[in-house]
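For reference, query.txt is printed below; it contains compact mmCIF, C-alpha atoms.
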# COMPACT_ATOMS: atom_id res chain seq x y z
CA VAL A 254 1.52 -12.49 -7.94
CA SER A 255 3.26 -13.20 -4.64
CA CYS A 256 5.98 -11.47 -2.65
CA SER A 257 8.57 -12.86 -0.31
CA LYS A 258 10.98 -12.16 2.48
CA ASP A 259 13.75 -13.30 0.09
CA THR A 260 13.38 -9.92 -1.79
CA THR A 261 11.60 -11.41 -4.81
CA ILE A 262 8.21 -11.00 -6.46
CA SER A 263 6.90 -14.03 -8.33
CA VAL A 264 4.38 -14.06 -11.17
CA TRP A 265 2.50 -17.33 -11.50
CA ASP A 266 0.32 -18.89 -14.19
CA ARG A 267 -3.07 -19.18 -12.53
CA HIS A 268 -4.13 -22.19 -14.64
CA THR A 269 -1.02 -24.38 -14.31
CA GLY A 270 0.54 -22.97 -11.14
CA ALA A 271 3.85 -22.66 -12.99
CA LEU A 272 6.24 -19.83 -12.17
CA VAL A 273 6.20 -17.37 -15.08
CA LYS A 274 8.93 -15.01 -13.83
CA ASN A 275 10.63 -13.49 -10.84
CA LEU A 276 10.90 -9.72 -10.49
CA LEU A 277 14.23 -8.77 -8.96
CA GLY A 278 15.38 -5.41 -7.63
CA HIS A 279 14.37 -4.97 -4.01
CA ARG A 280 17.10 -5.10 -1.37
CA GLY A 281 14.86 -6.06 1.53
CA PRO A 282 11.84 -8.28 2.17
CA VAL A 283 8.91 -7.50 -0.12
CA ASN A 284 6.01 -7.05 2.28
CA ALA A 285 3.14 -6.23 -0.06
CA VAL A 286 2.14 -6.31 -3.73
CA GLN A 287 -0.88 -5.23 -5.70
CA LEU A 288 -1.80 -5.87 -9.31
CA ARG A 289 -3.55 -3.39 -11.65
CA GLY A 290 -3.83 -4.49 -15.27
CA ASP A 291 -0.29 -4.88 -16.62
CA LEU A 292 1.24 -3.15 -13.61
CA ILE A 293 2.38 -4.41 -10.23
CA VAL A 294 3.26 -2.17 -7.32
CA SER A 295 5.40 -3.55 -4.49
CA ALA A 296 6.48 -2.27 -1.07
CA SER A 297 9.62 -3.44 0.66
CA GLY A 298 11.49 -3.29 3.91
CA ASP A 299 14.22 -1.52 1.91
CA GLY A 300 12.04 1.62 2.09
CA VAL A 301 11.18 1.63 -1.61
CA ALA A 302 7.95 0.98 -3.48
CA LYS A 303 8.41 -0.09 -7.08
CA LEU A 304 6.13 -0.04 -10.10
CA TRP A 305 6.69 -3.00 -12.42
CA ASN A 306 5.58 -3.86 -15.94
CA ILE A 307 4.33 -7.43 -15.61
CA THR A 308 5.01 -8.27 -19.27
CA SER A 309 8.62 -7.13 -19.41
CA GLY A 310 9.33 -7.83 -15.74
CA LEU A 311 11.12 -4.48 -15.49
CA CYS A 312 10.83 -1.85 -12.78
CA VAL A 313 9.52 1.30 -14.45
CA LYS A 314 9.40 3.65 -11.45
CA GLU A 315 10.48 3.88 -7.81
CA PHE A 316 8.81 5.64 -4.89
CA LEU A 317 10.97 6.27 -1.84
CA SER A 318 9.86 6.65 1.75
CA LYS A 319 11.71 9.31 3.68
CA ASP A 320 12.72 6.99 6.48
CA ARG A 321 12.74 3.22 7.01
CA GLY A 322 10.91 0.23 5.55
CA LEU A 323 7.49 -0.13 3.97
CA ALA A 324 4.89 -2.64 5.16
CA CYS A 325 1.90 -1.98 2.90
CA VAL A 326 0.89 -0.57 -0.45
CA GLU A 327 -2.36 0.44 -2.14
CA PHE A 328 -2.78 1.08 -5.87
CA SER A 329 -5.85 3.08 -6.93
CA ASP A 330 -8.44 1.57 -9.28
CA ASP A 331 -7.47 4.06 -11.99
CA ALA A 332 -3.75 3.26 -11.49
CA ARG A 333 -2.95 6.95 -10.88
CA THR A 334 -2.27 6.91 -7.14
CA ILE A 335 0.06 4.79 -5.05
CA LEU A 336 -0.10 4.83 -1.25
CA THR A 337 2.56 3.33 0.99
CA GLY A 338 2.95 2.97 4.74
CA GLY A 339 5.44 1.47 7.10
CA ASN A 340 7.84 1.84 9.99
CA ASP A 341 8.08 5.63 10.00
CA GLN A 342 4.31 5.88 10.76
CA VAL A 343 3.64 8.06 7.69
CA ILE A 344 1.35 7.32 4.75
CA TYR A 345 2.95 8.51 1.52
CA GLN A 346 0.74 9.41 -1.43
CA PHE A 347 2.42 9.33 -4.85
CA ASP A 348 1.38 10.22 -8.38
CA ALA A 349 1.98 6.94 -10.22
CA ASN A 350 2.57 8.69 -13.55
CA THR A 351 5.14 11.27 -12.47
CA GLY A 352 6.59 9.47 -9.44
CA GLU A 353 6.10 12.67 -7.42
CA MET A 354 5.20 12.50 -3.74
CA VAL A 355 1.87 14.32 -3.51
CA ASN A 356 1.19 14.16 0.22
CA GLU A 357 2.29 12.77 3.58
CA LEU A 358 -0.51 11.72 5.91
CA LYS A 359 0.41 11.73 9.57
CA GLY A 360 -1.40 10.62 12.70
CA HIS A 361 -0.32 7.07 13.48
CA VAL A 362 2.17 6.37 16.27
CA GLY A 363 3.05 2.85 15.14
CA LEU A 364 3.90 1.00 11.96
CA VAL A 365 1.25 1.51 9.25
CA ARG A 366 0.36 -2.07 8.31
CA SER A 367 -2.68 -1.74 6.03
CA LEU A 368 -4.11 0.77 3.58
CA HIS A 369 -7.36 0.92 1.66
CA LEU A 370 -8.26 3.63 -0.84
CA ASP A 371 -12.01 4.11 -1.11
CA SER A 372 -11.96 6.00 -4.42
CA MET A 373 -15.73 6.38 -4.62
CA ASN A 374 -15.82 8.32 -1.34
CA GLN A 375 -12.34 9.84 -1.68
CA ARG A 376 -11.04 8.49 1.59
CA ILE A 377 -7.98 6.55 2.72
CA VAL A 378 -8.47 4.02 5.51
CA SER A 379 -5.40 2.87 7.43
CA GLY A 380 -4.66 0.33 10.13
CA SER A 381 -1.61 0.41 12.35
CA TYR A 382 0.37 -1.42 14.99
CA ASP A 383 -0.72 1.47 17.25
CA MET A 384 -4.04 -0.46 17.44
CA SER A 385 -5.98 2.26 15.61
CA VAL A 386 -7.89 2.73 12.41
CA LYS A 387 -7.79 6.17 10.82
CA VAL A 388 -9.64 7.67 7.88
CA PHE A 389 -8.12 10.49 5.84
CA ASP A 390 -9.64 12.65 3.12
CA ALA A 391 -7.89 11.50 -0.08
CA ARG A 392 -7.87 15.00 -1.60
CA SER A 393 -6.72 17.11 1.35
CA GLY A 394 -4.95 14.49 3.43
CA GLU A 395 -6.80 15.67 6.53
CA LEU A 396 -7.66 13.16 9.24
CA SER A 397 -11.47 12.83 9.23
CA ILE A 398 -12.14 9.83 11.50
CA ASP A 399 -9.89 8.59 14.29
CA LEU A 400 -10.61 5.25 15.96
CA PRO A 401 -7.84 4.81 18.55
CA GLY A 402 -7.53 1.61 20.56
CA TRP A 403 -10.01 -0.18 18.35
CA THR A 404 -8.50 -3.52 19.37
CA THR A 405 -6.05 -4.84 21.93
CA SER A 406 -3.55 -5.91 19.26
CA TRP A 407 -1.87 -4.81 16.02
CA MET A 408 -4.11 -3.97 13.07
CA LEU A 409 -3.23 -6.28 10.19
CA SER A 410 -5.77 -5.38 7.52
CA VAL A 411 -8.45 -2.76 6.90
CA LYS A 412 -11.04 -2.52 4.13
CA SER A 413 -13.94 -0.18 3.57
CA ASP A 414 -17.02 0.42 1.50
CA TYR A 415 -19.34 3.40 1.52
CA ARG A 416 -20.77 2.65 4.96
CA ARG A 417 -18.51 0.17 6.79
CA ILE A 418 -14.94 -0.31 7.86
CA VAL A 419 -13.77 -3.88 8.49
CA SER A 420 -10.48 -4.69 10.15
CA THR A 421 -8.49 -7.67 11.34
CA SER A 422 -6.00 -7.75 14.16
Written form, structure tokens:
Amino acid sequence: VSCSKDTTISVWDRHTGALVKNLLGHRGPVNAVQLRGDLIVSASGDGVAKLWNITSGLCVKEFLSKDRGLACVEFSDDARTILTGGNDQVIYQFDANTGEMVNELKGHVGLVRSLHLDSMNQRIVSGSYDMSVKVFDARSGELSIDLPGWTTSWMLSVKSDYRRIVSTS
């Protein structure tokens, strides 16, 4: 599955490389996608995250930011939680089943570019253009670790396991 600045999401056959289908519906560049079983979640500069059924190619649910475009998305292993982040510096936590916004995590002062949900340890790790990495408690939404100025450039990706945080900038 790939996403593009041209507002489309493409599903490809991994064996032949052939295009299987395009998912259409975003009105801005699609900046991130993640696949979970038969579901795809996408985040776009149009300020909307969408949940898609990969078989039908239809959007089954939408998750709206309160302000401005989205740059990243994270879909939990159990497909119950969707996290989005973007230009308004807020991490939105949604219930994937109901579409309800469950929490807003605040603390960044720049675009939120990367999210990682460490389900095992119930923490959300984020990287931002504010050059910081932050760790939030996934249940309460409270900031638990703040690593400001971790680099001299924008954070592009963060990942975590039970003892390490790895980032790129």
**Q.** Within 9 Å of Ser413 (chain A) using all atoms listed in the file, minus same-chain residues under 5 positions, as JSON, numbers by chain
**A.** {"A": [369, 370, 371, 378, 418, 419, 420]}
Q) What does the distance from CA of Ser309 (chain A) to CA of Cys256 (chain A) come to in Å, to one decimal? A)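 Spanning CA of Ser309 (chain A) to CA of Cys256 (chain A) is a straight-line distance of 17.5 Å.
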Q: Do a neighbour search on region 361-366 of chain A at 10 Å with only C-alpha atoms, toss out local chain neighbours closer than 3 positions, and write the hits as a ChimeraX atom specification.
A: /A:284-285,322-326,337-344,358,379-387,399,401,407-411
**Q.** Point-to-point distance in Å for CA of Thr334 (chain A) and CA of Arg416 (chain A)
**A.**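 Taking CA of Arg416 (chain A) as the start and CA of Thr334 (chain A) as the end point, the length is 22.5 Å.
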Q: Find, counting all atoms listed in the file, the residue in A:Leu368, A:Cys312, A:Val283, A:Ile377 that gets nearest to Ser397 (chain A).
A: A:Ile377
Near region 328-332 of chain A, 10 Å: region 342-365 of chain A residue rows, closest pairs, only C-alpha atoms, as a Markdown table:
| residue | atom | partner | partner_atom | distance |
| --- | --- | --- | --- | --- |
| A:Phe347 | CA | A:Phe328 | CA | 9.8 |
| A:Asp348 | CA | A:Ala332 | CA | 9.2 |
| A:Ala349 | CA | A:Ala332 | CA | 6.9 |
| A:Asn350 | CA | A:Ala332 | CA | 8.6 |
**Q.** Contacts of Ser295 (chain A) within 12 Å, all atoms listed in the file, excl. fewer than 5 positions in-chain, as number ranges by chain
**A.** A: 254-257, 260-263, 276-279, 281-289, 300-307, 312-317, 323-328, 335-338
Q.
Report, in Å to a single decimal, how far apart CA of Asp291 (chain A) and CA of Lys319 (chain A) are.
A. 27.5 Å
Q: Name the closest residue to Leu311 (chain A) among the candidates A:Ser406, A:Asn275, A:Ser367, A:Thr269; distances are taken between atoms, counting all atoms listed in the file.
A: A:Asn275
Q: Could you tell me which of A:Tyr415, A:Arg333, A:Leu400, A:Tyr345 comes closest to Asp320 (chain A) if we count all atoms listed in the file?
A: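 Of A:Tyr415, A:Arg333, A:Leu400, A:Tyr345, the one nearest Asp320 (chain A) is A:Tyr345, counting all atoms listed in the file.
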**Q.** Shortest interatomic distance to Ser393 (chain A) - which of A:Ser422, A:Asn356, A:Asp266, A:Asn374, counting only C-alpha atoms
**A.**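 Counting only C-alpha atoms, the residue closest to Ser393 (chain A) is A:Asn356.
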(Q) With distances taken over all atoms listed in the file, which residue among A:Gly290, A:Gly394, A:Gly310, A:Gly298 lies nearest Gln346 (chain A)? (A)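 Comparing A:Gly290, A:Gly394, A:Gly310, A:Gly298 against Gln346 (chain A), the winner is A:Gly394.
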May I ask you to restore all heavy atoms in region 376-387 of chain A and write the result as a compact mmCIF listing (two decimals), in the coordinates of the input?
# COMPACT_ATOMS: atom_id res chain seq x y z
N ARG A 376 -11.61 8.60 0.26
CA ARG A 376 -11.04 8.49 1.59
C ARG A 376 -10.00 7.35 1.63
O ARG A 376 -10.09 6.38 0.89
CB ARG A 376 -12.10 8.30 2.65
CG ARG A 376 -12.91 7.06 2.53
CD ARG A 376 -14.04 7.06 3.55
NE ARG A 376 -14.66 5.74 3.59
CZ ARG A 376 -15.53 5.36 4.48
NH1 ARG A 376 -15.91 6.20 5.42
NH2 ARG A 376 -16.04 4.16 4.46
N ILE A 377 -9.05 7.52 2.51
CA ILE A 377 -7.98 6.55 2.72
C ILE A 377 -8.17 6.00 4.13
O ILE A 377 -8.22 6.76 5.10
CB ILE A 377 -6.60 7.22 2.58
CG1 ILE A 377 -6.42 7.75 1.16
CG2 ILE A 377 -5.49 6.24 2.97
CD1 ILE A 377 -5.28 8.75 1.01
N VAL A 378 -8.29 4.68 4.23
CA VAL A 378 -8.47 4.02 5.51
C VAL A 378 -7.17 3.28 5.83
O VAL A 378 -6.62 2.57 4.99
CB VAL A 378 -9.65 3.04 5.47
CG1 VAL A 378 -9.88 2.41 6.84
CG2 VAL A 378 -10.91 3.73 4.97
N SER A 379 -6.67 3.48 7.04
CA SER A 379 -5.40 2.87 7.43
C SER A 379 -5.53 2.14 8.75
O SER A 379 -6.31 2.53 9.62
CB SER A 379 -4.31 3.93 7.52
OG SER A 379 -4.65 4.91 8.48
N GLY A 380 -4.74 1.09 8.88
CA GLY A 380 -4.66 0.33 10.13
C GLY A 380 -3.21 0.25 10.55
O GLY A 380 -2.31 0.16 9.70
N SER A 381 -2.97 0.29 11.85
CA SER A 381 -1.61 0.41 12.35
C SER A 381 -1.33 -0.49 13.53
O SER A 381 -2.25 -0.95 14.21
CB SER A 381 -1.37 1.87 12.75
OG SER A 381 -0.17 2.03 13.46
N TYR A 382 -0.04 -0.71 13.79
CA TYR A 382 0.37 -1.42 14.99
C TYR A 382 0.10 -0.59 16.25
O TYR A 382 0.26 -1.08 17.35
CB TYR A 382 1.86 -1.78 14.92
CG TYR A 382 2.17 -3.00 14.08
CD1 TYR A 382 1.22 -3.58 13.26
CD2 TYR A 382 3.43 -3.57 14.12
CE1 TYR A 382 1.51 -4.69 12.49
CE2 TYR A 382 3.73 -4.68 13.36
CZ TYR A 382 2.78 -5.24 12.55
OH TYR A 382 3.08 -6.35 11.80
N ASP A 383 -0.33 0.67 16.09
CA ASP A 383 -0.72 1.47 17.25
C ASP A 383 -2.15 1.12 17.70
O ASP A 383 -2.71 1.78 18.56
CB ASP A 383 -0.57 2.96 16.98
CG ASP A 383 -1.52 3.51 15.91
OD1 ASP A 383 -2.46 2.82 15.50
OD2 ASP A 383 -1.28 4.66 15.47
N MET A 384 -2.72 0.06 17.11
CA MET A 384 -4.04 -0.46 17.44
C MET A 384 -5.18 0.47 17.04
O MET A 384 -6.27 0.41 17.62
CB MET A 384 -4.14 -0.83 18.93
CG MET A 384 -3.16 -1.92 19.31
SD MET A 384 -3.20 -2.37 21.04
CE MET A 384 -2.14 -1.13 21.75
N SER A 385 -4.93 1.33 16.05
CA SER A 385 -5.98 2.26 15.61
C SER A 385 -6.29 2.08 14.14
O SER A 385 -5.50 1.54 13.37
CB SER A 385 -5.54 3.70 15.86
OG SER A 385 -4.60 4.12 14.87
N VAL A 386 -7.48 2.56 13.80
CA VAL A 386 -7.89 2.73 12.41
C VAL A 386 -8.12 4.22 12.22
O VAL A 386 -8.71 4.88 13.09
CB VAL A 386 -9.18 1.94 12.10
CG1 VAL A 386 -9.75 2.33 10.74
CG2 VAL A 386 -8.93 0.45 12.17
N LYS A 387 -7.61 4.75 11.12
CA LYS A 387 -7.79 6.17 10.82
C LYS A 387 -8.32 6.32 9.41
O LYS A 387 -8.01 5.50 8.53
CB LYS A 387 -6.48 6.93 10.99
CG LYS A 387 -5.95 6.89 12.42
CD LYS A 387 -4.76 7.79 12.64
CE LYS A 387 -4.16 7.64 14.01
NZ LYS A 387 -5.03 7.77 15.14
